[in-house]
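As structure tokens, the structure follows; a few thoughts come after it.
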Amino acid sequence: MDALYTAVATATHGRDGRAFSSDGKLDVQLAPPAELGGDGQGTNPEQLFAAGYAACFASALALVGRKAKADVSDAAVTGEVGLSKQGEGFALAVTLRIELPDTVDAATGRELVEQAHQVCPYSNATRGNIPVELVIE
């Protein structure tokens, strides 16, 4: 598969470090959240994953909306990424909360969200690997 685009980012010192992209557009201080014993003075991988998944899913929703001639341009997607213990390691779980415009009826909205879940690269990457719950609000 030929990539249409390749993002390149580097992280140093794990959760107590820094992450930056090769083009310099992303440069963030990383810190564990207070809930995990950190000082919370930086962002964390779960926040970055939540933001990326939410943005990607919103774009997928816009794509399927255009194809269906449904205006979902005012939709908002909120990503929640939970981190939990799993045996000796850790596991992720995702909830995507999708707010659709009032102009989209419930049945159409559910159909568009399900279609977006089939085309979103994050959804395709996580499918079968971590639980992803889609909540239409």
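Convention: chains lettered A, B, ... in structure tokens order; per-chain residue numbering from 1; ligands numbered from 1 as shown.
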
When you look at Ile136 (chain A) with a cut-off of 9 Å (counting only C-alpha atoms), what residues show up, excluding the ones that are within fewer than 2 positions of it in the same chain? I need them as JSON, numbers by chain.
{"A": [96, 97, 98, 99, 100, 106, 109, 110, 113, 134]}

Compile the contact shell of Gly42 (chain A) as number ranges by chain: residues with an atom at most 10 Å away, counting only C-alpha atoms, same-chain residues fewer than 4 positions apart removed.
A: 15-18, 28-33, 38

Please save C-alpha atoms of the selected residues as a short mmCIF file (atom, residue, chain, number, x, y, z; two decimals), in the first residue's frame.
data_model
loop_
_atom_site.label_atom_id
_atom_site.label_comp_id
_atom_site.auth_asym_id
_atom_site.auth_seq_id
_atom_site.Cartn_x
_atom_site.Cartn_y
_atom_site.Cartn_z
CA ARG A 15 5.57 9.98 29.45
CA ASP A 16 7.92 12.47 31.13
CA GLY A 17 9.38 13.89 27.98
CA ARG A 18 8.59 15.66 24.81
CA VAL A 28 4.46 19.21 23.19
CA GLN A 29 5.68 18.56 26.70
CA LEU A 30 4.56 15.17 27.96
CA ALA A 31 3.67 14.39 31.55
CA PRO A 32 1.64 11.69 33.24
CA PRO A 33 -1.75 12.93 34.45
CA GLY A 38 2.20 12.67 37.59
#

Rank A:Ala70, A:Ala3, A:Ile130, A:Ala116 by their smallest atom-to-atom distance to Ala55 (chain A), using only C-alpha atoms, and report the top residue only.
A:Ala116

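Nearest residue to Lys85 (chain A), choosing from A:Ser123, A:Thr103, A:Phe20, A:Leu36 and counting only C-alpha atoms: A:Leu36.
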
Near Leu63 (chain A), within 12 Å and counting only C-alpha atoms, which residues show up once chain neighbours fewer than 3 positions away are dropped, as a ChimeraX atom specification?
/A:56-60,66-73,112-113,115-120

Using DSSP on the backbone coordinates, identify the residues of region 78-124 of chain A assigned to strand (DSSP E); present them as a PyMOL selection string.
chain A and resi 78-86+89-99

Residue subset to file, keeping N, CA and C atoms, as a PDB file, in the first residue's frame:
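Writing done, so here's result-v5.pdb:
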ATOM      1  N   THR A  78     -16.201  14.061  20.125  1.00  0.00           N
ATOM      2  CA  THR A  78     -15.353  14.089  21.312  1.00  0.00           C
ATOM      3  C   THR A  78     -14.822  12.686  21.545  1.00  0.00           C
ATOM      4  N   GLY A  79     -13.515  12.563  21.631  1.00  0.00           N
ATOM      5  CA  GLY A  79     -12.896  11.271  21.888  1.00  0.00           C
ATOM      6  C   GLY A  79     -12.541  11.132  23.356  1.00  0.00           C
ATOM      7  N   GLU A  80     -12.834   9.989  23.909  1.00  0.00           N
ATOM      8  CA  GLU A  80     -12.447   9.647  25.283  1.00  0.00           C
ATOM      9  C   GLU A  80     -11.608   8.378  25.198  1.00  0.00           C
ATOM     10  N   VAL A  81     -10.392   8.426  25.692  1.00  0.00           N
ATOM     11  CA  VAL A  81      -9.512   7.266  25.669  1.00  0.00           C
ATOM     12  C   VAL A  81      -9.188   6.890  27.106  1.00  0.00           C
ATOM     13  N   GLY A  82      -9.628   5.707  27.483  1.00  0.00           N
ATOM     14  CA  GLY A  82      -9.381   5.211  28.834  1.00  0.00           C
ATOM     15  C   GLY A  82      -8.189   4.275  28.849  1.00  0.00           C
ATOM     16  N   LEU A  83      -7.386   4.388  29.883  1.00  0.00           N
ATOM     17  CA  LEU A  83      -6.228   3.520  30.089  1.00  0.00           C
ATOM     18  C   LEU A  83      -6.491   2.690  31.337  1.00  0.00           C
ATOM     19  N   SER A  84      -6.353   1.395  31.217  1.00  0.00           N
ATOM     20  CA  SER A  84      -6.584   0.529  32.376  1.00  0.00           C
ATOM     21  C   SER A  84      -5.527  -0.561  32.422  1.00  0.00           C
ATOM     22  N   LYS A  85      -5.400  -1.187  33.582  1.00  0.00           N
ATOM     23  CA  LYS A  85      -4.480  -2.315  33.740  1.00  0.00           C
ATOM     24  C   LYS A  85      -5.068  -3.530  33.037  1.00  0.00           C
ATOM     25  N   GLN A  86      -4.188  -4.306  32.414  1.00  0.00           N
ATOM     26  CA  GLN A  86      -4.602  -5.562  31.797  1.00  0.00           C
ATOM     27  C   GLN A  86      -3.467  -6.567  32.018  1.00  0.00           C
ATOM     28  N   GLY A  89       0.288  -5.667  31.831  1.00  0.00           N
ATOM     29  CA  GLY A  89       0.400  -4.471  31.004  1.00  0.00           C
ATOM     30  C   GLY A  89      -0.795  -3.549  31.141  1.00  0.00           C
ATOM     31  N   PHE A  90      -1.090  -2.869  30.070  1.00  0.00           N
ATOM     32  CA  PHE A  90      -2.167  -1.882  30.056  1.00  0.00           C
ATOM     33  C   PHE A  90      -3.001  -2.057  28.800  1.00  0.00           C
ATOM     34  N   ALA A  91      -4.210  -1.512  28.825  1.00  0.00           N
ATOM     35  CA  ALA A  91      -5.117  -1.593  27.685  1.00  0.00           C
ATOM     36  C   ALA A  91      -5.837  -0.260  27.516  1.00  0.00           C
ATOM     37  N   LEU A  92      -6.267  -0.015  26.298  1.00  0.00           N
ATOM     38  CA  LEU A  92      -7.025   1.189  25.971  1.00  0.00           C
ATOM     39  C   LEU A  92      -8.463   0.820  25.635  1.00  0.00           C
ATOM     40  N   ALA A  93      -9.358   1.757  25.851  1.00  0.00           N
ATOM     41  CA  ALA A  93     -10.748   1.672  25.399  1.00  0.00           C
ATOM     42  C   ALA A  93     -11.145   3.070  24.950  1.00  0.00           C
ATOM     43  N   VAL A  94     -11.950   3.137  23.905  1.00  0.00           N
ATOM     44  CA  VAL A  94     -12.334   4.427  23.327  1.00  0.00           C
ATOM     45  C   VAL A  94     -13.849   4.582  23.328  1.00  0.00           C
ATOM     46  N   THR A  95     -14.293   5.782  23.663  1.00  0.00           N
ATOM     47  CA  THR A  95     -15.671   6.190  23.439  1.00  0.00           C
ATOM     48  C   THR A  95     -15.625   7.421  22.558  1.00  0.00           C
ATOM     49  N   LEU A  96     -16.377   7.395  21.463  1.00  0.00           N
ATOM     50  CA  LEU A  96     -16.532   8.570  20.610  1.00  0.00           C
ATOM     51  C   LEU A  96     -17.938   9.106  20.810  1.00  0.00           C
ATOM     52  N   ARG A  97     -18.032  10.353  21.234  1.00  0.00           N
ATOM     53  CA  ARG A  97     -19.322  11.004  21.432  1.00  0.00           C
ATOM     54  C   ARG A  97     -19.552  11.940  20.250  1.00  0.00           C
ATOM     55  N   ILE A  98     -20.587  11.645  19.475  1.00  0.00           N
ATOM     56  CA  ILE A  98     -20.842  12.373  18.239  1.00  0.00           C
ATOM     57  C   ILE A  98     -22.096  13.222  18.417  1.00  0.00           C
ATOM     58  N   GLU A  99     -21.915  14.514  18.237  1.00  0.00           N
ATOM     59  CA  GLU A  99     -23.052  15.447  18.261  1.00  0.00           C
ATOM     60  C   GLU A  99     -23.367  15.820  16.825  1.00  0.00           C
TER      61      GLU A  99
END

Taking the DSSP secondary structure from the backbone, can you list the residues of region 96-129 of chain A that are alpha helix (DSSP H), as a VMD selection string?
chain A and resid 106 to 119 121 to 126

Could those selected residues go to a file with N, CA, C and O atoms, as a PDB file, in the first residue's frame?
ATOM      1  N   ALA A 106     -32.525  10.924  13.430  1.00  0.00           N
ATOM      2  CA  ALA A 106     -31.820   9.902  14.205  1.00  0.00           C
ATOM      3  C   ALA A 106     -31.388   8.711  13.346  1.00  0.00           C
ATOM      4  O   ALA A 106     -30.251   8.241  13.459  1.00  0.00           O
ATOM      5  N   ALA A 107     -32.256   8.215  12.495  1.00  0.00           N
ATOM      6  CA  ALA A 107     -31.925   7.045  11.679  1.00  0.00           C
ATOM      7  C   ALA A 107     -30.805   7.362  10.689  1.00  0.00           C
ATOM      8  O   ALA A 107     -29.854   6.576  10.532  1.00  0.00           O
ATOM      9  N   THR A 108     -30.891   8.503  10.049  1.00  0.00           N
ATOM     10  CA  THR A 108     -29.843   8.915   9.114  1.00  0.00           C
ATOM     11  C   THR A 108     -28.536   9.125   9.856  1.00  0.00           C
ATOM     12  O   THR A 108     -27.470   8.708   9.397  1.00  0.00           O
ATOM     13  N   GLY A 109     -28.614   9.758  11.015  1.00  0.00           N
ATOM     14  CA  GLY A 109     -27.423   9.999  11.814  1.00  0.00           C
ATOM     15  C   GLY A 109     -26.725   8.707  12.194  1.00  0.00           C
ATOM     16  O   GLY A 109     -25.503   8.589  12.074  1.00  0.00           O
ATOM     17  N   ARG A 110     -27.479   7.715  12.653  1.00  0.00           N
ATOM     18  CA  ARG A 110     -26.909   6.421  13.040  1.00  0.00           C
ATOM     19  C   ARG A 110     -26.235   5.767  11.830  1.00  0.00           C
ATOM     20  O   ARG A 110     -25.123   5.252  11.921  1.00  0.00           O
ATOM     21  N   GLU A 111     -26.902   5.831  10.672  1.00  0.00           N
ATOM     22  CA  GLU A 111     -26.342   5.250   9.445  1.00  0.00           C
ATOM     23  C   GLU A 111     -25.025   5.932   9.061  1.00  0.00           C
ATOM     24  O   GLU A 111     -24.045   5.269   8.725  1.00  0.00           O
ATOM     25  N   LEU A 112     -24.989   7.256   9.120  1.00  0.00           N
ATOM     26  CA  LEU A 112     -23.783   7.998   8.770  1.00  0.00           C
ATOM     27  C   LEU A 112     -22.639   7.695   9.737  1.00  0.00           C
ATOM     28  O   LEU A 112     -21.486   7.535   9.324  1.00  0.00           O
ATOM     29  N   VAL A 113     -22.949   7.608  11.024  1.00  0.00           N
ATOM     30  CA  VAL A 113     -21.928   7.299  12.025  1.00  0.00           C
ATOM     31  C   VAL A 113     -21.360   5.897  11.786  1.00  0.00           C
ATOM     32  O   VAL A 113     -20.141   5.691  11.844  1.00  0.00           O
ATOM     33  N   GLU A 114     -22.211   4.942  11.488  1.00  0.00           N
ATOM     34  CA  GLU A 114     -21.746   3.575  11.221  1.00  0.00           C
ATOM     35  C   GLU A 114     -20.887   3.541   9.952  1.00  0.00           C
ATOM     36  O   GLU A 114     -19.865   2.841   9.913  1.00  0.00           O
ATOM     37  N   GLN A 115     -21.287   4.291   8.926  1.00  0.00           N
ATOM     38  CA  GLN A 115     -20.487   4.354   7.694  1.00  0.00           C
ATOM     39  C   GLN A 115     -19.133   5.006   7.976  1.00  0.00           C
ATOM     40  O   GLN A 115     -18.099   4.546   7.469  1.00  0.00           O
ATOM     41  N   ALA A 116     -19.136   6.082   8.758  1.00  0.00           N
ATOM     42  CA  ALA A 116     -17.876   6.756   9.108  1.00  0.00           C
ATOM     43  C   ALA A 116     -16.958   5.799   9.849  1.00  0.00           C
ATOM     44  O   ALA A 116     -15.737   5.794   9.625  1.00  0.00           O
ATOM     45  N   HIS A 117     -17.527   4.970  10.703  1.00  0.00           N
ATOM     46  CA  HIS A 117     -16.737   4.006  11.475  1.00  0.00           C
ATOM     47  C   HIS A 117     -16.083   2.973  10.554  1.00  0.00           C
ATOM     48  O   HIS A 117     -15.035   2.420  10.882  1.00  0.00           O
ATOM     49  N   GLN A 118     -16.667   2.731   9.391  1.00  0.00           N
ATOM     50  CA  GLN A 118     -16.092   1.779   8.435  1.00  0.00           C
ATOM     51  C   GLN A 118     -14.964   2.389   7.607  1.00  0.00           C
ATOM     52  O   GLN A 118     -14.079   1.675   7.150  1.00  0.00           O
ATOM     53  N   VAL A 119     -14.981   3.706   7.409  1.00  0.00           N
ATOM     54  CA  VAL A 119     -13.956   4.334   6.556  1.00  0.00           C
ATOM     55  C   VAL A 119     -12.869   5.061   7.331  1.00  0.00           C
ATOM     56  O   VAL A 119     -11.803   5.332   6.790  1.00  0.00           O
ATOM     57  N   PRO A 121      -9.673   5.766   9.264  1.00  0.00           N
ATOM     58  CA  PRO A 121      -8.445   4.984   9.469  1.00  0.00           C
ATOM     59  C   PRO A 121      -8.199   4.590  10.929  1.00  0.00           C
ATOM     60  O   PRO A 121      -7.690   3.500  11.191  1.00  0.00           O
ATOM     61  N   TYR A 122      -8.550   5.452  11.870  1.00  0.00           N
ATOM     62  CA  TYR A 122      -8.379   5.095  13.287  1.00  0.00           C
ATOM     63  C   TYR A 122      -9.315   3.944  13.649  1.00  0.00           C
ATOM     64  O   TYR A 122      -8.924   3.028  14.374  1.00  0.00           O
ATOM     65  N   SER A 123     -10.550   3.997  13.165  1.00  0.00           N
ATOM     66  CA  SER A 123     -11.487   2.909  13.431  1.00  0.00           C
ATOM     67  C   SER A 123     -10.976   1.605  12.836  1.00  0.00           C
ATOM     68  O   SER A 123     -11.057   0.539  13.470  1.00  0.00           O
ATOM     69  N   ASN A 124     -10.446   1.686  11.622  1.00  0.00           N
ATOM     70  CA  ASN A 124      -9.925   0.479  10.987  1.00  0.00           C
ATOM     71  C   ASN A 124      -8.700  -0.053  11.722  1.00  0.00           C
ATOM     72  O   ASN A 124      -8.509  -1.262  11.817  1.00  0.00           O
ATOM     73  N   ALA A 125      -7.876   0.826  12.263  1.00  0.00           N
ATOM     74  CA  ALA A 125      -6.683   0.398  12.999  1.00  0.00           C
ATOM     75  C   ALA A 125      -7.030  -0.227  14.347  1.00  0.00           C
ATOM     76  O   ALA A 125      -6.338  -1.132  14.808  1.00  0.00           O
ATOM     77  N   THR A 126      -8.095   0.258  14.974  1.00  0.00           N
ATOM     78  CA  THR A 126      -8.439  -0.231  16.307  1.00  0.00           C
ATOM     79  C   THR A 126      -9.401  -1.413  16.278  1.00  0.00           C
ATOM     80  O   THR A 126      -9.488  -2.154  17.266  1.00  0.00           O
TER      81      THR A 126
END

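The interatomic distance for the pair CA of Ala62 (chain A) and CA of Asp102 (chain A) works out to 15.4 Å.
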
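Atom to atom, CA of Val77 (chain A) and CA of Ala54 (chain A) stand 5.3 Å apart.
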
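If you look at CA of Val64 (chain A) and CA of Pro101 (chain A), they are 14.7 Å away from each other.
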